[in-house]
>>> print(open('my_file_4.txt').read())   # compact mmCIF, C-alpha atoms
# COMPACT_ATOMS: atom_id res chain seq x y z
CA MET U 1 14.99 -0.83 -16.75
CA LYS U 2 18.34 -0.53 -15.04
CA HIS U 3 17.82 2.89 -13.47
CA ILE U 4 14.60 3.08 -11.46
CA THR U 5 14.01 5.85 -8.93
CA ILE U 6 11.40 5.93 -6.17
CA LYS U 7 10.01 9.38 -5.42
CA ARG U 8 6.83 11.15 -4.36
CA ALA U 9 3.99 11.30 -6.82
CA GLU U 10 2.37 14.59 -7.78
CA GLN U 11 -1.16 15.52 -8.84
CA SER U 12 0.00 15.48 -12.47
CA ASP U 13 0.66 11.73 -12.05
CA VAL U 14 -2.96 10.80 -11.26
CA ASP U 15 -3.83 9.84 -14.87
CA ALA U 16 -0.83 7.51 -15.15
CA ILE U 17 -1.59 6.00 -11.73
CA MET U 18 -5.20 5.35 -12.75
CA GLU U 19 -3.96 3.64 -15.94
CA LEU U 20 -1.69 1.39 -13.86
CA MET U 21 -4.57 0.59 -11.52
CA GLN U 22 -6.68 -0.44 -14.52
CA GLU U 23 -3.81 -2.57 -15.84
CA ALA U 24 -3.69 -4.31 -12.44
CA VAL U 25 -7.43 -5.01 -12.64
CA ASP U 26 -7.03 -6.37 -16.19
CA THR U 27 -4.00 -8.58 -15.49
CA VAL U 28 -4.41 -9.83 -11.91
CA LYS U 29 -4.46 -13.64 -11.72
CA VAL U 30 -7.57 -13.76 -9.52
CA SER U 31 -10.01 -10.84 -9.40
CA ASP U 32 -10.37 -11.01 -5.59
CA TRP U 33 -6.64 -10.29 -5.20
CA PHE U 34 -6.91 -6.63 -6.19
CA LEU U 35 -9.63 -4.10 -5.47
CA PRO U 36 -9.20 -0.84 -7.37
CA ASP U 37 -10.10 2.54 -5.99
CA ASP U 38 -11.36 5.67 -7.69
CA ARG U 39 -9.67 8.81 -8.95
CA GLN U 40 -10.73 10.85 -5.92
CA TYR U 41 -9.06 8.38 -3.54
CA VAL U 42 -5.85 8.45 -5.55
CA SER U 43 -5.87 12.24 -5.78
CA GLU U 44 -6.49 12.66 -2.04
CA HIS U 45 -3.54 10.39 -1.26
CA ILE U 46 -0.99 12.36 -3.26
CA ILE U 47 -0.57 14.83 -0.38
CA ASP U 48 -3.57 15.05 1.95
CA ARG U 49 -4.58 11.78 3.58
CA GLY U 50 -1.22 10.11 3.22
CA PHE U 51 1.23 10.07 0.35
CA THR U 52 1.93 8.21 -2.85
CA LEU U 53 5.27 6.99 -4.13
CA LYS U 54 6.04 6.28 -7.76
CA ALA U 55 8.76 4.26 -9.44
CA VAL U 56 10.08 5.93 -12.59
CA ASN U 57 12.64 4.86 -15.16
CA SER U 58 15.23 7.11 -16.81
CA SER U 59 12.56 8.22 -19.33
CA ASN U 60 10.35 9.33 -16.41
CA GLU U 61 7.80 6.62 -17.22
CA ILE U 62 5.85 5.51 -14.14
CA LEU U 63 6.42 1.78 -13.61
CA GLY U 64 4.51 1.46 -10.36
CA PHE U 65 2.97 3.28 -7.43
CA PHE U 66 2.50 2.76 -3.72
CA ILE U 67 -0.18 4.53 -1.66
CA VAL U 68 0.25 5.11 2.07
CA ASP U 69 -3.00 5.98 3.85
CA PHE U 70 -3.36 7.76 7.19
CA PRO U 71 -6.74 6.39 8.31
CA GLU U 72 -6.82 8.32 11.60
CA ARG U 73 -9.98 7.28 13.46
CA SER U 74 -12.02 6.24 10.44
CA LYS U 75 -13.94 2.99 10.72
CA HIS U 76 -11.63 1.57 8.02
CA ASN U 77 -8.56 1.75 10.28
CA LEU U 78 -7.23 -1.81 10.37
CA GLY U 79 -6.08 -1.23 13.94
CA TYR U 80 -9.70 -1.68 15.05
CA ASP U 81 -9.63 -5.20 13.57
CA LEU U 82 -6.57 -5.90 15.71
CA ASP U 83 -8.16 -4.46 18.88
CA TYR U 84 -5.73 -1.54 19.09
CA ASP U 85 -6.44 1.00 21.83
CA ASP U 86 -7.07 4.68 21.02
CA ASP U 87 -3.41 5.61 21.42
CA LYS U 88 -2.28 3.00 18.88
CA ILE U 89 -5.15 3.81 16.48
CA ARG U 90 -3.80 7.35 16.07
CA LYS U 91 -0.40 5.93 15.11
CA VAL U 92 -1.53 3.60 12.29
CA ALA U 93 -0.41 4.02 8.68
CA HIS U 94 -1.83 1.73 6.01
CA MET U 95 0.44 0.35 3.31
CA ASP U 96 -2.59 0.53 1.07
CA TYR U 97 -1.73 -0.08 -2.58
CA ALA U 98 1.27 -1.49 -4.35
CA VAL U 99 0.93 -1.70 -8.11
CA VAL U 100 3.72 -2.46 -10.58
CA THR U 101 3.27 -2.52 -14.34
CA SER U 102 3.59 -5.97 -15.91
CA LYS U 103 6.85 -5.07 -17.67
CA ALA U 104 8.51 -4.17 -14.34
CA ARG U 105 7.29 -7.09 -12.23
CA GLY U 106 10.00 -9.19 -10.65
CA LEU U 107 12.37 -6.23 -10.20
CA GLY U 108 11.76 -5.92 -6.44
CA LEU U 109 9.80 -2.67 -6.66
CA GLN U 110 7.23 -3.59 -4.03
CA ARG U 111 10.00 -4.18 -1.49
CA ARG U 112 11.66 -0.90 -2.49
CA PHE U 113 8.31 0.84 -2.00
CA PHE U 114 8.03 -0.61 1.51
CA GLU U 115 11.55 0.56 2.37
CA GLU U 116 11.01 4.08 1.05
CA ALA U 117 7.57 4.47 2.67
CA GLU U 118 8.91 3.38 6.04
CA LYS U 119 11.89 5.69 5.64
CA GLN U 120 9.53 8.61 4.99
CA LEU U 121 7.53 7.67 8.08
CA GLU U 122 10.60 7.60 10.37
CA ASP U 123 10.17 11.07 11.91
CA THR U 124 6.38 10.95 12.12
CA PRO U 125 3.97 9.83 14.85
CA TYR U 126 3.08 6.73 12.79
CA GLU U 127 4.42 3.59 14.48
CA TYR U 128 2.14 0.78 13.28
CA PHE U 129 2.22 -0.17 9.64
CA LEU U 130 -0.73 -2.29 8.50
CA GLY U 131 -1.91 -3.65 5.18
CA THR U 132 -4.05 -6.41 3.76
CA VAL U 133 -3.35 -9.19 1.31
CA HIS U 134 -5.43 -12.00 -0.14
CA PRO U 135 -4.28 -15.29 1.45
CA ASP U 136 -3.57 -16.83 -1.98
CA ASN U 137 -1.62 -13.86 -3.35
CA ILE U 138 1.77 -15.39 -2.62
CA TYR U 139 3.58 -12.57 -4.43
CA SER U 140 2.35 -9.68 -2.29
CA ARG U 141 2.27 -11.82 0.82
CA THR U 142 5.92 -12.78 0.35
CA ASN U 143 6.85 -9.13 -0.18
CA PHE U 144 5.13 -8.18 3.08
CA LEU U 145 6.95 -10.96 4.94
CA LYS U 146 10.34 -10.08 3.43
CA ALA U 147 9.75 -6.47 4.50
CA GLY U 148 9.40 -7.62 8.11
CA TYR U 149 5.62 -7.75 8.42
CA ARG U 150 3.83 -10.52 10.25
CA GLU U 151 0.45 -12.09 9.64
CA ALA U 152 -1.68 -10.59 12.40
CA ARG U 153 -5.19 -11.79 11.53
CA ARG U 154 -7.20 -13.55 8.82
CA MET U 155 -10.71 -12.28 8.29
CA SER U 156 -13.39 -11.23 5.83
CA LYS U 157 -13.01 -7.64 4.63
CA TYR U 158 -14.25 -5.49 1.76
CA GLY U 159 -17.64 -7.10 1.29
CA GLY U 160 -16.76 -10.60 2.45
CA MET U 161 -13.43 -11.23 0.74
CA GLN U 162 -10.77 -13.11 2.67
CA ARG U 163 -7.76 -11.05 3.68
CA ILE U 164 -4.76 -11.32 5.96
CA ILE U 165 -3.96 -8.18 7.94
CA MET U 166 -0.21 -7.72 7.88
CA GLU U 167 1.41 -5.79 10.72
CA LYS U 168 4.76 -4.19 11.44
CA GLU U 169 5.79 -1.99 14.33
CA LYS U 170 8.33 0.80 13.81
>>> encode(input="my_file_4.txt", output="structure tokens")
Amino acid sequence: MKHITIKRAEQSDVDAIMELMQEAVDTVKVSDWFLPDDRQYVSEHIIDRGFTLKAVNSSNEILGFFIVDFPERSKHNLGYDLDYDDDKIRKVAHMDYAVVTSKARGLGLQRRFFEEAEKQLEDTPYEYFLGTVHPDNIYSRTNFLKAGYREARRMSKYGGMQRIIMEKEK
């Protein structure tokens, strides 16, 4: 586990990413902490509606993934929940999914994903980085905070589940 590289995922990685998503569903401490998405969503976010990063070991095994979503003006843009104006809405990127396999947890991969995603967004129009976390998920919440995000708003999302919207400005 010593040598782990973060790089862009490719369409050929979708099966492995879906397996990791299922592992997250199966192993999460509280089911409300993690909401999986479908294969189409993952596939669309390899190159089209954002990008996906993967963490791989020296054997090229995927140990985790991180999806960045460009919500544009969709109703799901978290900027609307924070009363962003139209100019800011266009500049929102969602730090949407961070999943790390159980054997690689505790190695700081989520923080490395944040760093790499923000680095890749440096020369883009995206200036507002938003994500959600369950209030009791101290692990992800701490990773957001250590990456420089602030708790912007607590509210019900995704069918009534409690979430904190985390916010960071470039």
>>> closest_residue(input="my_file_4.txt", among="U:Ile67, U:Ser102, U:Leu107, U:Glu44", to="U:Gln22", atoms="all atoms listed in the file")
U:Ser102
>>> closest_residue(input="my_file_4.txt", among="U:Leu109, U:Leu145, U:Ile47, U:Ala55", to="U:Thr132", atoms="all atoms listed in the file")
U:Leu145
>>> residues_around(input="my_file_4.txt", residues="U:Gly50", least_positions_apart="6", cutoff="7 Å", atoms="only C-alpha atoms", output="ChimeraX atom specification")
/U:68-70
>>> closest_residue(input="my_file_4.txt", among="U:Phe114, U:Arg8, U:Met21, U:Asn60", to="U:Ile46", atoms="only C-alpha atoms")
U:Arg8
>>> closest_residue(input="my_file_4.txt", among="U:Lys54, U:His3, U:Lys75, U:Arg154", to="U:Val99", atoms="all atoms listed in the file")
U:Lys54
>>> decode(input="my_file_4.txt", residues="stretch 60-90 of chain U", atoms="N, CA, C and O atoms", output="CSV table (one decimal), in the first residue's frame")
chain,number,residue,atom,x,y,z
U,60,ASN,N,-2.0,-1.6,-9.9
U,60,ASN,CA,-3.1,-1.0,-10.7
U,60,ASN,C,-4.4,-1.4,-10.2
U,60,ASN,O,-5.4,-1.3,-10.9
U,61,GLU,N,-4.5,-1.8,-9.0
U,61,GLU,CA,-5.8,-2.1,-8.3
U,61,GLU,C,-6.4,-0.8,-7.9
U,61,GLU,O,-5.8,0.1,-7.2
U,62,ILE,N,-7.7,-0.6,-8.1
U,62,ILE,CA,-8.4,0.7,-7.7
U,62,ILE,C,-8.8,0.6,-6.3
U,62,ILE,O,-9.5,-0.3,-5.9
U,63,LEU,N,-8.2,1.5,-5.5
U,63,LEU,CA,-8.5,1.5,-4.0
U,63,LEU,C,-9.5,2.5,-3.6
U,63,LEU,O,-10.0,2.5,-2.4
U,64,GLY,N,-9.9,3.4,-4.5
U,64,GLY,CA,-10.9,4.4,-4.2
U,64,GLY,C,-11.2,5.2,-5.4
U,64,GLY,O,-10.5,5.2,-6.4
U,65,PHE,N,-12.3,6.0,-5.3
U,65,PHE,CA,-12.6,6.9,-6.4
U,65,PHE,C,-13.3,8.1,-5.8
U,65,PHE,O,-13.7,8.2,-4.7
U,66,PHE,N,-13.3,9.2,-6.7
U,66,PHE,CA,-13.8,10.5,-6.3
U,66,PHE,C,-14.4,11.1,-7.5
U,66,PHE,O,-13.8,11.3,-8.5
U,67,ILE,N,-15.7,11.4,-7.4
U,67,ILE,CA,-16.4,12.0,-8.5
U,67,ILE,C,-16.7,13.4,-8.3
U,67,ILE,O,-17.2,13.9,-7.2
U,68,VAL,N,-16.3,14.2,-9.3
U,68,VAL,CA,-16.6,15.7,-9.3
U,68,VAL,C,-17.7,15.9,-10.3
U,68,VAL,O,-17.5,15.5,-11.5
U,69,ASP,N,-18.7,16.6,-9.9
U,69,ASP,CA,-19.9,16.8,-10.8
U,69,ASP,C,-19.9,18.3,-11.1
U,69,ASP,O,-19.7,19.2,-10.2
U,70,PHE,N,-20.3,18.6,-12.4
U,70,PHE,CA,-20.5,20.0,-12.8
U,70,PHE,C,-22.0,20.1,-13.0
U,70,PHE,O,-22.6,19.7,-14.0
U,71,PRO,N,-22.7,20.6,-12.0
U,71,PRO,CA,-24.2,20.5,-12.0
U,71,PRO,C,-24.8,21.6,-12.9
U,71,PRO,O,-26.0,21.5,-13.2
U,72,GLU,N,-24.0,22.6,-13.3
U,72,GLU,CA,-24.5,23.7,-14.2
U,72,GLU,C,-25.8,24.3,-13.5
U,72,GLU,O,-25.8,24.5,-12.3
U,73,ARG,N,-26.8,24.4,-14.3
U,73,ARG,CA,-28.1,25.0,-13.7
U,73,ARG,C,-29.1,24.0,-13.4
U,73,ARG,O,-30.3,24.3,-13.3
U,74,SER,N,-28.7,22.8,-13.1
U,74,SER,CA,-29.7,21.7,-12.7
U,74,SER,C,-30.3,22.1,-11.4
U,74,SER,O,-29.6,22.7,-10.6
U,75,LYS,N,-31.5,21.6,-11.1
U,75,LYS,CA,-32.1,21.8,-9.8
U,75,LYS,C,-31.4,21.2,-8.7
U,75,LYS,O,-31.6,21.6,-7.5
U,76,HIS,N,-30.4,20.3,-9.0
U,76,HIS,CA,-29.6,19.7,-7.9
U,76,HIS,C,-28.4,20.5,-7.5
U,76,HIS,O,-27.7,20.1,-6.6
U,77,ASN,N,-28.2,21.6,-8.2
U,77,ASN,CA,-27.0,22.4,-7.8
U,77,ASN,C,-27.1,22.9,-6.4
U,77,ASN,O,-28.1,23.6,-6.0
U,78,LEU,N,-26.2,22.5,-5.5
U,78,LEU,CA,-26.2,22.9,-4.1
U,78,LEU,C,-26.1,24.4,-3.9
U,78,LEU,O,-26.5,24.9,-2.8
U,79,GLY,N,-25.7,25.1,-4.9
U,79,GLY,CA,-25.6,26.6,-4.8
U,79,GLY,C,-27.0,27.2,-4.6
U,79,GLY,O,-27.1,28.2,-3.9
U,80,TYR,N,-28.0,26.6,-5.2
U,80,TYR,CA,-29.4,27.1,-4.9
U,80,TYR,C,-29.8,27.0,-3.5
U,80,TYR,O,-30.5,27.9,-2.9
U,81,ASP,N,-29.3,25.9,-2.8
U,81,ASP,CA,-29.6,25.8,-1.3
U,81,ASP,C,-28.9,26.8,-0.5
U,81,ASP,O,-29.3,27.1,0.6
U,82,LEU,N,-27.9,27.4,-1.1
U,82,LEU,CA,-27.1,28.5,-0.4
U,82,LEU,C,-27.4,29.9,-0.9
U,82,LEU,O,-26.7,30.8,-0.6
U,83,ASP,N,-28.5,30.0,-1.7
U,83,ASP,CA,-28.9,31.2,-2.3
U,83,ASP,C,-27.9,31.9,-3.1
U,83,ASP,O,-27.8,33.2,-3.2
U,84,TYR,N,-27.1,31.1,-3.9
U,84,TYR,CA,-26.2,31.7,-4.8
U,84,TYR,C,-26.9,32.4,-6.0
U,84,TYR,O,-28.0,32.0,-6.4
U,85,ASP,N,-26.3,33.5,-6.5
U,85,ASP,CA,-26.9,34.2,-7.6
U,85,ASP,C,-26.5,33.4,-8.9
U,85,ASP,O,-25.7,32.5,-8.9
U,86,ASP,N,-27.1,33.8,-10.0
U,86,ASP,CA,-26.9,33.1,-11.3
U,86,ASP,C,-25.4,33.0,-11.7
U,86,ASP,O,-24.9,32.0,-12.2
U,87,ASP,N,-24.6,34.1,-11.4
U,87,ASP,CA,-23.2,34.1,-11.7
U,87,ASP,C,-22.5,33.0,-11.0
U,87,ASP,O,-21.7,32.2,-11.5
U,88,LYS,N,-22.7,32.9,-9.7
U,88,LYS,CA,-22.1,31.9,-8.8
U,88,LYS,C,-22.5,30.5,-9.2
U,88,LYS,O,-21.7,29.5,-9.2
U,89,ILE,N,-23.8,30.3,-9.5
U,89,ILE,CA,-24.4,29.0,-9.8
U,89,ILE,C,-23.6,28.4,-11.0
U,89,ILE,O,-23.3,27.2,-10.9
U,90,ARG,N,-23.2,29.2,-12.0
U,90,ARG,CA,-22.5,28.6,-13.1
U,90,ARG,C,-21.0,28.2,-12.7
U,90,ARG,O,-20.4,27.5,-13.5
